[in-house]
Amino acid sequence: MGLQFMKLVIVGCGRVGAMAAIALSKAGHRVTVIDSNRRAFDRLGDDFAGEMVLGNGIDEDVLRQAGIESADGFASLTNGDNRNIMAAQIAREIFKVPRVITRIYDPMREDVYRELGLNTLCPTLTGARQIHAMLKG
Amino acid sequence: MYVIVVGGGKVGYYLSKHLLDRGYEVTLIEKDPRRAEVLNSTLGEIVMVGDGDEMAFLATTGMERADVVVAVTGDDEDNLVTCQLAKRKFNVPKTVARVNNPANVRIFKTLGVDVALSATEVLLDLIESELANKETAGRSATQA
């Protein structure tokens, strides 16, 4: 990546969100994690150097509080496809964040939004492909 | 005219009922099968059980020939995605969304929804204009 240290906003502090946040923070980036459930932040552990914002990741005010206006990167990783899609579009179209990634479980919806220009990640598809490849041997 | 209403809560119910009364062809989409059963027994067989954001399901609703799609669930993110799919994948000419957080009205319009309506915003505007009227009336009364 071009920038040495980036300001990153992650929506969703589940397993994937928390792991990504920990790794990116350890790599020296300034990470802010948003989740609507305070207990989700427990996944980050005690030595997490980033910031945590309690709230809804599709709420503009919450996103501003998390510093989205000056963010270099954004990832929406909650367990809701539509929430991720909406958060990513707000980051991209309203706040003009340069790098935006969103996770979409439903392959058909992922297809639609990839066509519309979102950087999408579909664990259903990649998982299924991997299983297929492993079973084939 | 064919209208698809997504979300069978109170708003979706009354909207469908009045659209039917006015002679429109209506399909109401509701994801909870038990709620759908209640709706079907009062509205006639116009309810389909499914998710308004599942592409495969939407393809079975005849969405490609709908004139209007109205998304009125209680979740803004679901209403947004329903309208975007209707517009981009099924070429529906007009999409209308209920917006719960008034701040999302602007966002919905930016993201391609034709009409975004927030009851909260409408009420706020009414209250504000009511107060403004009173102030003006009060002022002119003092001046007189």
# chains A, B, ... in the order shown; residues from 1 in each chain; ligands from 1
$ interface_residues --of "chain A" --to "chain B" --cutoff "7 Å" --atoms "only C-alpha atoms" --output "PyMOL selection string"
chain A and resi 82-83+86+108-109
$ residues_around --residues "stretch 7-20 of chain B" --least-positions-apart "2" --cutoff "7 Å" --atoms "only C-alpha atoms" --output "list in words"
Val5, Arg22, Gly23, Tyr24, Glu25, Val26, Leu28, Ile29, Glu30, Leu43, Ala71, Val72 and Thr73 of chain B
$ residues_around --residues "stretch 13-27 of chain A" --least-positions-apart "3" --cutoff "9 Å" --atoms "only C-alpha atoms" --output "list in words"
Phe5, Leu8, Val9, Ile10, Arg30, Val31, Thr32, Val33, Ile34, Asp35, Ser36, Asn37, Ala40, Phe41, Arg43, Leu44, Gly45, Phe48, Ala49, Gly50, Ala75, Ser76, Leu77, Thr78 and Asn79 of chain A
$ atom_distance --atom1 "atom CA of B:Glu64" --atom2 "atom CA of A:Val112"
15.7 Å
$ atom_distance --atom1 "atom CA of A:Pro98" --atom2 "atom CA of A:Asp59"
19.3 Å
$ residues_around --residues "A:Arg114" --least-positions-apart "3" --cutoff "12 Å" --atoms "only C-alpha atoms" --output "MDAnalysis selection string"
chainID A and resid 85 88:89 100:104 107:111 117:122
$ write_last_selection --atoms "C-alpha atoms" --output "PDB file, in the first residue's frame"
ATOM      1  CA  ILE A  85     -23.671  -2.624   1.603  1.00  0.00           C
ATOM      2  CA  ALA A  88     -19.856   0.910   2.254  1.00  0.00           C
ATOM      3  CA  GLN A  89     -21.920   3.114  -0.050  1.00  0.00           C
ATOM      4  CA  VAL A 100     -13.724   0.807   0.673  1.00  0.00           C
ATOM      5  CA  ILE A 101     -14.231  -2.924   1.163  1.00  0.00           C
ATOM      6  CA  THR A 102     -17.460  -4.708   2.042  1.00  0.00           C
ATOM      7  CA  ARG A 103     -18.320  -8.285   2.911  1.00  0.00           C
ATOM      8  CA  ILE A 104     -21.457  -9.765   1.319  1.00  0.00           C
ATOM      9  CA  PRO A 107     -23.296 -14.389  -3.885  1.00  0.00           C
ATOM     10  CA  MET A 108     -26.081 -12.918  -6.024  1.00  0.00           C
ATOM     11  CA  ARG A 109     -26.126  -9.669  -4.122  1.00  0.00           C
ATOM     12  CA  GLU A 110     -22.331  -9.616  -4.181  1.00  0.00           C
ATOM     13  CA  ASP A 111     -22.478  -9.903  -7.944  1.00  0.00           C
ATOM     14  CA  GLY A 117     -18.275  -0.755  -8.379  1.00  0.00           C
ATOM     15  CA  LEU A 118     -17.997  -1.794  -4.731  1.00  0.00           C
ATOM     16  CA  ASN A 119     -14.940  -3.761  -3.640  1.00  0.00           C
ATOM     17  CA  THR A 120     -16.679  -6.859  -2.394  1.00  0.00           C
ATOM     18  CA  LEU A 121     -15.627  -9.952  -0.514  1.00  0.00           C
ATOM     19  CA  CYS A 122     -17.877 -13.025  -0.592  1.00  0.00           C
TER      20      CYS A 122
END
$ closest_residue --among "A:Arg129, A:Gly57, A:Arg92, A:Gly28" --to "A:Leu116" --atoms "only C-alpha atoms"
A:Arg92
$ select_by_dssp --residues "stretch 52-124 of chain B" --states "strand (DSSP E or B)" --output "number ranges by chain"
B: 68-71, 94-98, 115-117
$ closest_residue --among "A:Gly137, A:His132, A:Ala87, A:Leu54" --to "A:Arg38" --atoms "only C-alpha atoms"
A:Leu54
$ closest_residue --among "A:Lys136, A:Ile68, A:Gly80, A:Tyr105" --to "A:Pro123" --atoms "only C-alpha atoms"
A:Tyr105
$ closest_residue --among "A:Arg39, A:Leu63, A:Glu93, A:Arg99" --to "B:Gly112" --atoms "only C-alpha atoms"
A:Glu93
$ residues_around --residues "B:Val47" --least-positions-apart "2" --cutoff "8 Å" --atoms "only C-alpha atoms" --output "tab-separated table (two decimals) with N, CA and C atoms, in the first residue's frame"
chain	number	residue	atom	x	y	z
B	27	THR	N	-48.67	-6.82	-5.08
B	27	THR	CA	-48.07	-7.96	-4.39
B	27	THR	C	-47.39	-7.41	-3.15
B	28	LEU	N	-47.68	-8.05	-2.02
B	28	LEU	CA	-47.06	-7.62	-0.76
B	28	LEU	C	-46.06	-8.69	-0.34
B	29	ILE	N	-44.82	-8.28	-0.09
B	29	ILE	CA	-43.78	-9.23	0.30
B	29	ILE	C	-43.51	-9.12	1.80
B	30	GLU	N	-43.61	-10.26	2.47
B	30	GLU	CA	-43.40	-10.28	3.92
B	30	GLU	C	-42.55	-11.50	4.26
B	36	ALA	N	-47.50	-13.22	7.32
B	36	ALA	CA	-47.99	-13.30	5.95
B	36	ALA	C	-49.37	-13.97	5.90
B	39	LEU	N	-51.95	-11.49	6.97
B	39	LEU	CA	-52.14	-10.50	5.91
B	39	LEU	C	-52.96	-11.08	4.76
B	40	ASN	N	-52.64	-12.32	4.39
B	40	ASN	CA	-53.35	-12.97	3.30
B	40	ASN	C	-54.84	-13.14	3.60
B	44	GLY	N	-56.71	-10.84	0.98
B	44	GLY	CA	-56.85	-11.70	-0.20
B	44	GLY	C	-55.47	-12.23	-0.52
B	45	GLU	N	-55.43	-13.15	-1.49
B	45	GLU	CA	-54.15	-13.83	-1.72
B	45	GLU	C	-53.16	-12.96	-2.51
B	49	VAL	N	-44.33	-14.89	0.63
B	49	VAL	CA	-43.39	-14.99	1.74
B	49	VAL	C	-41.97	-15.06	1.22
$ select_by_dssp --residues "stretch 26-102 of chain A" --states "alpha helix (DSSP H)" --output "list in words"
Lys26, Glu60, Asp61, Val62, Leu63, Arg64, Gln65, Asp81, Asn82, Arg83, Asn84, Ile85, Met86, Ala87, Ala88 and Gln89 of chain A
$ closest_residue --among "A:Ile94, A:Met6, A:Ala128, A:Val11" --to "A:Val62" --atoms "only C-alpha atoms"
A:Val11
$ atom_distance --atom1 "atom CA of B:Asp114" --atom2 "atom CA of B:Pro93"
8.9 Å
$ closest_residue --among "A:Lys7, A:Asp47, A:Asp42, A:Glu115" --to "A:Ser70" --atoms "only C-alpha atoms"
A:Lys7
